[in-house]
file query02.txt (compact mmCIF, C-alpha atoms)
# COMPACT_ATOMS: atom_id res chain seq x y z
CA MET Z 134 0.00 0.00 0.00
CA ASP Z 135 1.12 3.49 -0.73
CA PHE Z 136 0.78 5.87 2.21
CA GLY Z 137 2.63 8.84 0.77
CA ARG Z 138 6.17 10.09 0.85
CA ARG Z 139 6.34 12.17 4.02
CA SER Z 140 9.52 10.31 4.89
CA ARG Z 141 11.08 6.90 4.63
CA GLY Z 142 11.15 6.72 8.41
CA LEU Z 143 7.37 6.88 8.60
CA ARG Z 144 7.06 4.05 6.11
CA VAL Z 145 9.43 1.94 8.20
CA MET Z 146 7.30 2.60 11.27
CA TRP Z 147 4.13 1.65 9.44
CA ALA Z 148 5.69 -1.48 7.95
CA ARG Z 149 6.92 -2.71 11.32
CA LEU Z 150 3.59 -2.28 13.07
CA ALA Z 151 1.59 -3.62 10.15
CA ALA Z 152 3.86 -6.64 9.94
CA GLY Z 153 3.52 -7.31 13.64
CA MET Z 154 -0.24 -6.96 13.62
CA VAL Z 155 -0.85 -9.22 10.67
CA LEU Z 156 1.46 -11.83 12.15
CA ILE Z 157 -0.50 -11.73 15.40
CA TRP Z 158 -3.77 -11.94 13.52
CA HIS Z 159 -2.84 -14.61 11.01
CA LEU Z 160 -0.34 -16.66 12.96
CA GLY Z 161 -1.57 -16.23 16.51
CA LEU Z 162 1.83 -14.84 17.48
CA GLN Z 163 2.94 -11.90 19.63
CA GLY Z 164 5.23 -9.15 18.36
CA CYS Z 165 6.24 -5.53 17.87
CA ASP Z 166 6.68 -4.08 21.35
CA SER Z 167 9.64 -2.00 20.13
CA ILE Z 168 7.45 0.50 18.31
CA LEU Z 169 4.27 0.46 20.37
CA GLY Z 170 5.09 2.70 23.27
CA PRO Z 171 3.94 1.90 26.85
CA GLY Z 172 2.77 -1.66 27.18
CA PRO Z 173 0.74 -1.98 30.42
CA GLU Z 174 -2.50 -1.09 28.65
CA VAL Z 175 -2.08 -4.13 26.45
CA GLU Z 176 -0.93 -6.39 29.27
CA GLU Z 177 -4.16 -5.55 31.11
CA PHE Z 178 -6.07 -7.38 28.42
CA GLY Z 179 -3.89 -10.47 28.58
CA LEU Z 180 -1.88 -9.81 25.41
CA GLY Z 181 1.79 -9.43 26.28
CA LEU Z 182 3.58 -8.13 23.19
CA GLN Z 183 7.14 -9.16 22.56
CA SER Z 184 9.35 -9.36 19.52
CA VAL Z 185 9.23 -12.85 18.02
CA PHE Z 186 10.37 -12.60 14.40
CA ARG Z 187 12.51 -10.15 12.51
CA VAL Z 188 12.42 -10.02 8.72
CA PRO Z 189 14.90 -7.77 6.85
CA PHE Z 190 13.35 -4.91 4.92
CA ASP Z 191 14.34 -1.64 3.30
CA SER Z 192 13.02 1.77 4.36
CA ALA Z 193 11.03 2.01 1.13
CA ASP Z 194 9.22 -1.32 1.58
CA ARG Z 195 5.48 -0.89 1.22
CA GLY Z 196 3.61 -3.70 2.89
CA TRP Z 197 3.31 -7.34 3.93
CA GLU Z 198 1.03 -10.23 3.04
CA PRO Z 199 1.04 -13.21 5.43
CA PHE Z 200 -0.59 -16.38 4.14
CA VAL Z 201 -0.68 -20.15 4.54
CA MET Z 202 0.02 -22.22 1.45
CA ASN Z 203 -0.02 -26.02 1.50
CA GLY Z 204 0.11 -25.96 5.29
CA THR Z 205 3.18 -23.71 5.46
CA GLN Z 206 3.25 -20.11 6.69
CA TYR Z 207 4.69 -17.48 4.34
CA VAL Z 208 5.09 -13.71 4.32
CA ALA Z 209 5.40 -11.74 1.07
CA LEU Z 210 7.05 -8.32 1.22
CA ALA Z 211 6.23 -5.57 -1.30
CA ALA Z 212 9.25 -3.38 -2.03
CA GLU Z 213 9.46 -0.13 -3.97
CA ILE Z 214 13.20 -0.02 -4.61
CA LEU Z 215 14.81 -3.36 -3.78
CA ASP Z 216 13.46 -6.77 -4.75
CA SER Z 217 10.15 -7.84 -3.27
CA MET Z 218 10.65 -10.92 -1.12
CA LEU Z 219 8.98 -14.17 -0.12
CA TYR Z 220 9.78 -15.68 3.28
CA GLU Z 221 8.84 -19.09 4.71
CA LEU Z 222 8.42 -19.88 8.41
CA ASP Z 223 10.91 -22.61 9.25
CA ALA Z 224 10.73 -23.65 12.90
CA ALA Z 225 11.41 -20.39 14.75
CA THR Z 226 12.58 -18.10 11.95
CA PHE Z 227 11.51 -16.83 8.55
CA GLN Z 228 13.82 -17.96 5.75
CA GLU Z 229 14.16 -16.35 2.35
CA VAL Z 230 12.43 -18.45 -0.30
CA GLN Z 231 12.38 -16.21 -3.35
CA ARG Z 232 13.36 -12.78 -4.56
CA LEU Z 233 10.51 -11.40 -6.64
CA GLY Z 234 12.81 -9.10 -8.57
CA GLY Z 235 13.56 -8.15 -12.14
CA ASN Z 236 10.55 -8.16 -14.41
CA ILE Z 237 8.35 -9.88 -11.82
CA GLY Z 238 8.51 -7.68 -8.74
CA ASN Z 239 9.90 -4.30 -9.76
CA ARG Z 240 8.69 -1.26 -7.76
CA VAL Z 241 5.83 -3.04 -5.98
CA HIS Z 242 3.33 -1.04 -3.89
CA ASP Z 243 1.09 -3.87 -2.69
CA VAL Z 244 0.94 -7.65 -2.78
CA VAL Z 245 -2.01 -9.96 -2.17
CA TYR Z 246 -2.25 -13.77 -2.01
CA PHE Z 247 -5.27 -15.76 -3.16
CA GLU Z 248 -6.23 -19.21 -4.41
CA ILE Z 249 -8.35 -20.20 -7.40
CA GLY Z 250 -9.22 -23.78 -8.27
CA GLY Z 251 -6.52 -25.21 -6.03
CA ALA Z 252 -3.77 -23.01 -7.52
CA SER Z 253 -1.95 -20.33 -5.51
CA TYR Z 254 -1.34 -16.81 -6.81
CA LEU Z 255 0.32 -13.54 -5.84
CA ALA Z 256 -0.89 -10.28 -7.36
CA LEU Z 257 1.67 -7.46 -7.41
CA ALA Z 258 0.60 -3.83 -7.76
CA SER Z 259 3.38 -1.72 -9.24
CA SER Z 260 4.14 1.96 -9.63
CA LYS Z 261 3.86 4.14 -12.72
CA GLY Z 262 5.26 2.66 -15.89
CA VAL Z 263 5.53 -0.85 -14.44
CA GLU Z 264 2.97 -3.46 -15.45
CA PRO Z 265 1.10 -5.13 -12.56
CA LYS Z 266 1.65 -8.88 -12.45
CA ILE Z 267 -0.14 -12.06 -11.41
CA CYS Z 268 2.28 -14.82 -10.37
CA ARG Z 269 1.40 -18.50 -9.86
CA TRP Z 270 3.08 -20.98 -7.53
CA GLU Z 271 4.80 -23.71 -9.52
CA GLY Z 272 5.95 -25.99 -6.72
CA ARG Z 273 9.16 -24.21 -5.72
CA GLN Z 274 8.59 -20.57 -6.57
CA PHE Z 275 6.14 -18.05 -7.98
CA VAL Z 276 6.46 -17.40 -11.71
CA GLU Z 277 4.85 -14.73 -13.84
CA TYR Z 278 1.44 -15.90 -15.04
CA GLN Z 279 -0.35 -12.81 -16.32
CA ILE Z 280 0.11 -9.09 -16.85
CA VAL Z 281 -2.90 -7.34 -15.33
CA PRO Z 282 -4.73 -5.35 -18.03
CA ASN Z 283 -4.26 -1.63 -17.39
CA GLN Z 284 -5.49 0.92 -19.90
CA ASP Z 285 -3.20 3.65 -18.55
CA PRO Z 286 0.26 2.44 -17.44
CA SER Z 287 0.94 5.85 -15.87
CA ASN Z 288 -1.96 5.33 -13.45
CA ARG Z 289 -0.50 3.60 -10.40
CA MET Z 290 -2.23 0.88 -8.37
CA THR Z 291 -2.11 1.65 -4.64
CA ASP Z 292 -4.10 -1.22 -3.12
CA LEU Z 293 -5.37 -4.64 -4.17
CA GLU Z 294 -8.40 -6.51 -2.81
CA ASP Z 295 -9.30 -10.07 -3.75
CA PHE Z 296 -12.82 -11.40 -3.17
CA VAL Z 297 -15.32 -13.98 -4.37
CA ILE Z 298 -18.94 -13.43 -5.44
CA ASP Z 299 -21.15 -16.41 -6.31
CA GLY Z 300 -18.10 -18.64 -6.68
CA VAL Z 301 -16.32 -16.29 -9.09
CA SER Z 302 -13.00 -14.66 -8.15
CA TYR Z 303 -12.48 -10.91 -8.52
CA LEU Z 304 -9.54 -8.59 -8.00
CA GLY Z 305 -10.11 -4.94 -7.12
CA ALA Z 306 -7.47 -2.25 -7.67
CA ALA Z 307 -7.48 1.23 -6.13
CA MET Z 308 -5.76 3.75 -8.43
CA THR Z 309 -4.08 7.12 -7.98
CA GLU Z 310 -6.18 8.54 -10.82
CA SER Z 311 -9.84 7.78 -11.52
CA PRO Z 312 -11.15 5.25 -12.29
CA SER Z 313 -10.33 2.34 -10.02
CA TYR Z 314 -10.81 -1.16 -11.43
CA VAL Z 315 -12.44 -4.50 -10.75
CA PHE Z 316 -11.07 -7.51 -12.66
CA LYS Z 317 -12.92 -10.81 -13.07
CA TRP Z 318 -11.51 -14.31 -13.42
CA ASN Z 319 -12.67 -15.81 -16.72
CA GLY Z 320 -11.48 -19.34 -16.01
CA THR Z 321 -7.89 -18.86 -17.09
CA ALA Z 322 -7.00 -15.22 -16.39
CA PHE Z 323 -8.25 -11.91 -15.04
CA GLU Z 324 -9.96 -9.52 -17.43
CA GLU Z 325 -11.31 -6.02 -16.91
CA PHE Z 326 -14.82 -6.26 -15.50
CA GLN Z 327 -15.74 -2.79 -14.24
CA THR Z 328 -14.34 0.70 -13.84
CA ILE Z 329 -15.41 2.69 -10.78
CA PRO Z 330 -15.07 6.49 -10.84
CA THR Z 331 -13.17 7.60 -7.75
CA ARG Z 332 -11.82 10.77 -6.26
CA HIS Z 333 -8.15 11.53 -6.82
CA ASP Z 334 -5.58 9.27 -5.18
CA ALA Z 335 -7.64 6.30 -4.00
CA ARG Z 336 -5.56 4.59 -1.31
CA ALA Z 337 -7.54 1.64 0.02
CA MET Z 338 -10.23 -0.78 -1.11
CA LYS Z 339 -12.20 -3.19 1.10
CA PHE Z 340 -14.82 -5.79 0.17
CA PHE Z 341 -17.36 -6.89 2.76
CA ASN Z 342 -20.68 -8.66 3.24
CA MET Z 343 -23.47 -7.08 5.23
CA GLU Z 344 -26.92 -8.58 5.71
CA GLY Z 345 -26.41 -10.84 2.70
CA VAL Z 346 -25.36 -8.02 0.36
CA LYS Z 347 -21.87 -7.43 -1.05
CA TYR Z 348 -20.14 -4.05 -0.83
CA LEU Z 349 -16.91 -2.43 -1.97
CA ALA Z 350 -15.55 0.56 -0.03
CA ILE Z 351 -12.90 2.84 -1.54
CA ALA Z 352 -10.98 5.44 0.48
CA ALA Z 353 -9.72 8.59 -1.26
CA HIS Z 354 -6.74 10.55 0.01
CA ILE Z 355 -7.45 13.71 -1.99
CA GLY Z 356 -11.10 14.63 -1.77
CA GLY Z 357 -11.13 12.65 1.39
CA ASP Z 358 -14.29 10.57 1.49
CA VAL Z 359 -15.05 6.86 1.65
CA ALA Z 360 -17.29 5.79 -1.21
CA ILE Z 361 -19.26 2.58 -0.67
CA HIS Z 362 -20.57 0.69 -3.70
CA ARG Z 363 -23.25 -2.01 -3.48
CA TRP Z 364 -23.39 -5.14 -5.60
CA SER Z 365 -26.50 -5.06 -7.79
CA GLY Z 366 -26.21 -8.64 -8.95
CA SER Z 367 -24.19 -7.76 -12.01
CA SER Z 368 -21.95 -4.82 -10.99
CA PHE Z 369 -21.06 -2.42 -8.18
CA GLU Z 370 -23.24 0.69 -8.02
CA PRO Z 371 -22.71 3.89 -5.96
CA TRP Z 372 -24.53 3.57 -2.64
CA LYS Z 373 -23.27 5.74 0.24
CA THR Z 374 -20.48 8.19 0.98
CA LEU Z 375 -18.94 8.46 4.44
CA ASP Z 376 -17.36 11.69 5.58
CA ALA Z 377 -13.59 11.46 5.91
CA GLN Z 378 -10.58 13.71 5.38
CA ASN Z 379 -7.52 12.41 3.56
CA ALA Z 380 -8.62 8.77 3.97
CA VAL Z 381 -5.73 6.36 3.44
CA ASP Z 382 -6.77 3.01 4.91
CA LEU Z 383 -9.83 1.01 5.93
CA ALA Z 384 -10.62 -1.84 8.30
CA VAL Z 385 -13.94 -3.69 8.27
CA PHE Z 386 -14.84 -5.98 11.18
CA TYR Z 387 -17.72 -7.35 13.24
CA ILE Z 388 -18.21 -7.12 17.01
CA ASN Z 389 -21.31 -8.72 18.55
CA ASP Z 390 -22.85 -9.07 15.07
CA VAL Z 391 -22.50 -5.32 14.41
CA LEU Z 392 -20.45 -4.23 11.40
CA TYR Z 393 -17.83 -1.53 11.95
CA LEU Z 394 -15.76 0.37 9.43
CA ALA Z 395 -12.66 2.15 10.75
CA VAL Z 396 -11.05 4.89 8.66
CA ALA Z 397 -7.43 6.01 8.88
CA GLU Z 398 -7.44 9.73 8.10
CA HIS Z 399 -4.13 11.43 7.34
CA ARG Z 400 -4.99 14.77 8.95
CA GLU Z 401 -4.88 16.72 12.19
CA GLY Z 402 -7.85 15.14 13.85
CA PRO Z 403 -9.38 11.92 15.13
CA ALA Z 404 -9.66 8.60 13.34
CA ARG Z 405 -13.32 7.71 12.97
CA ILE Z 406 -15.03 4.36 13.43
CA TYR Z 407 -18.41 3.96 11.76
CA SER Z 408 -21.02 1.35 12.72
CA TRP Z 409 -24.05 0.08 10.82
CA SER Z 410 -27.25 0.97 12.67
CA GLY Z 411 -29.50 -1.16 10.50
CA SER Z 412 -30.40 1.68 8.17
CA ASP Z 413 -27.27 3.81 7.88
CA PHE Z 414 -23.64 4.23 8.94
CA GLU Z 415 -23.12 6.36 12.04
CA VAL Z 416 -19.97 7.54 13.79
CA ALA Z 417 -19.63 5.12 16.69
CA GLN Z 418 -16.35 6.46 18.02
CA SER Z 419 -13.63 9.00 17.29
CA ILE Z 420 -10.13 8.09 18.45
CA ASP Z 421 -7.68 10.89 19.12
CA ALA Z 422 -4.93 10.39 16.55
CA THR Z 423 -2.99 12.72 14.26
CA TYR Z 424 -2.01 11.88 10.69
CA THR Z 425 -3.03 8.23 10.84
CA HIS Z 426 -1.31 6.06 8.23
CA SER Z 427 -2.99 2.70 8.68
CA VAL Z 428 -5.61 0.85 10.70
CA HIS Z 429 -5.85 -2.86 11.41
CA ALA Z 430 -8.47 -4.84 13.35
CA PHE Z 431 -7.68 -8.24 14.85
CA VAL Z 432 -8.79 -10.66 17.56
CA ALA Z 433 -6.41 -12.17 20.11
CA GLY Z 434 -7.33 -14.16 23.20
CA GLY Z 435 -11.01 -13.59 22.49
CA VAL Z 436 -10.56 -9.80 22.64
CA ASN Z 437 -11.09 -7.39 19.73
CA PHE Z 438 -8.21 -5.00 19.10
CA LEU Z 439 -7.65 -2.04 16.79
CA ALA Z 440 -4.13 -0.90 15.85
CA LEU Z 441 -3.47 2.62 14.55
CA THR Z 442 -0.16 3.88 13.16
CA THR Z 443 0.45 7.61 12.97
CA SER Z 444 3.14 10.16 12.22
CA GLY Z 445 5.58 10.50 15.09
CA HIS Z 446 5.80 8.00 17.94
CA HIS Z 447 2.18 7.60 18.96
CA ASN Z 448 1.26 4.23 17.49
CA ARG Z 449 -1.29 2.53 19.68
CA ILE Z 450 -3.31 -0.64 20.14
CA TYR Z 451 -6.84 -0.25 21.49
CA ALA Z 452 -8.94 -3.01 23.07
CA TRP Z 453 -12.73 -3.31 22.93
CA ARG Z 454 -14.34 -2.67 26.33
CA GLY Z 455 -18.08 -3.18 26.30
CA ASP Z 456 -19.13 -0.59 23.75
CA LYS Z 457 -15.96 1.15 22.56
CA PHE Z 458 -12.21 0.85 22.05
CA GLU Z 459 -9.94 1.97 24.89
CA GLN Z 460 -6.23 1.85 25.60
call {"tool": "encode", "arguments": {"input": "query02.txt", "output": "structure tokens"}}
result
Amino acid sequence: MDFGRRSRGLRVMWARLAAGMVLIWHLGLQGCDSILGPGPEVEEFGLGLQSVFRVPFDSADRGWEPFVMNGTQYVALAAEILDSMLYELDAATFQEVQRLGGNIGNRVHDVVYFEIGGASYLALASSKGVEPKICRWEGRQFVEYQIVPNQDPSNRMTDLEDFVIDGVSYLGAAMTESPSYVFKWNGTAFEEFQTIPTRHDARAMKFFNMEGVKYLAIAAHIGGDVAIHRWSGSSFEPWKTLDAQNAVDLAVFYINDVLYLAVAEHREGPARIYSWSGSDFEVAQSIDATYTHSVHAFVAGGVNFLALTTSGHHNRIYAWRGDKFEQ
């Protein structure tokens, strides 16, 4: 994911926390105390955070994708300058499996893993002038399988979202310039399915189900809102717009059967969490945070947590207490 160029240091901070959070969420591990600040608030909820794994990365690395393939845990690293990497969990450490460099993984902004028909794939979103790729696992490594169709190579993909509707696989792509795209699997490859007009610099895309209906939310950095599109049965149609300023990331999650949508807003002001009331989205909570870069929801030890990364040294994990998140 691309969260701007304020400084390489900020991207390192985001990458470390994001990596730790997804490892906790996907692997059931504990990690990342070195960048979280005071820890007693977390200990109170029975989640002691300590560094478990360290994976080398460059200051311009963009994001991580943890996944399980054939019973083995992997982490893919998206890199803007150096080679993107694939690591495998071997006993107590992550070992390098493959460098996704050269024509495969050049200048990658996001990476997502998915499976179709028993085959494993990695989709790589690249920067301007670099063709996005789909790679397929061939037993020992990922190899280039398809170039993602892109009408304007100068329009950069910032976020990828894979999802399935009625047994058919789709791949959504948020773009820096309108429109953003939805690609559909035709049985052998992805083809362009739908263009979605978006505000400038779309940064995040999230697919979710609510009350049996499918939705696609897109966060815009410039213009600032979160546009939610509803599946009509044949395409995504504009549905609702949530107020946000400089939105850069989204997290969708359920607590006690209520759907929540948290928005990371890169501005001087709180990060907002919306909830579905049954007829509309309402602001359920505003968390005091400045220039939020990313938001991640996860469950550990039966407790719901929300991690926010921000500019400076104020990254925090919040735990759900009854009806709201608290430190």
call {"tool": "closest_residue", "arguments": {"input": "query02.txt", "among": "Z:Ile450, Z:Val385, Z:Ala417, Z:Leu441", "to": "His399 in chain Z", "atoms": "only C-alpha atoms"}}
result
Z:Leu441
call {"tool": "residues_around", "arguments": {"input": "query02.txt", "residues": "Glu324 in chain Z", "least_positions_apart": "2", "cutoff": "12 Å", "atoms": "all atoms listed in the file", "output": "list in words"}}
result
Ile267, Gln279, Ile280, Val281, Pro282, Asn283, Gln284, Ser302, Tyr303, Leu304, Gly305, Tyr314, Val315, Phe316, Lys317, Trp318, Asn319, Gly320, Thr321, Ala322, Phe326, Gln327 and Thr328 of chain Z
call {"tool": "closest_residue", "arguments": {"input": "query02.txt", "among": "Z:Thr331, Z:Asn448, Z:Ser287, Z:Gln228", "to": "Ser313 in chain Z", "atoms": "only C-alpha atoms"}}
result
Z:Thr331
call {"tool": "closest_residue", "arguments": {"input": "query02.txt", "among": "Z:Gln231, Z:Thr291, Z:Ser444, Z:Gln206", "to": "Ser259 in chain Z", "atoms": "all atoms listed in the file"}}
result
Z:Thr291
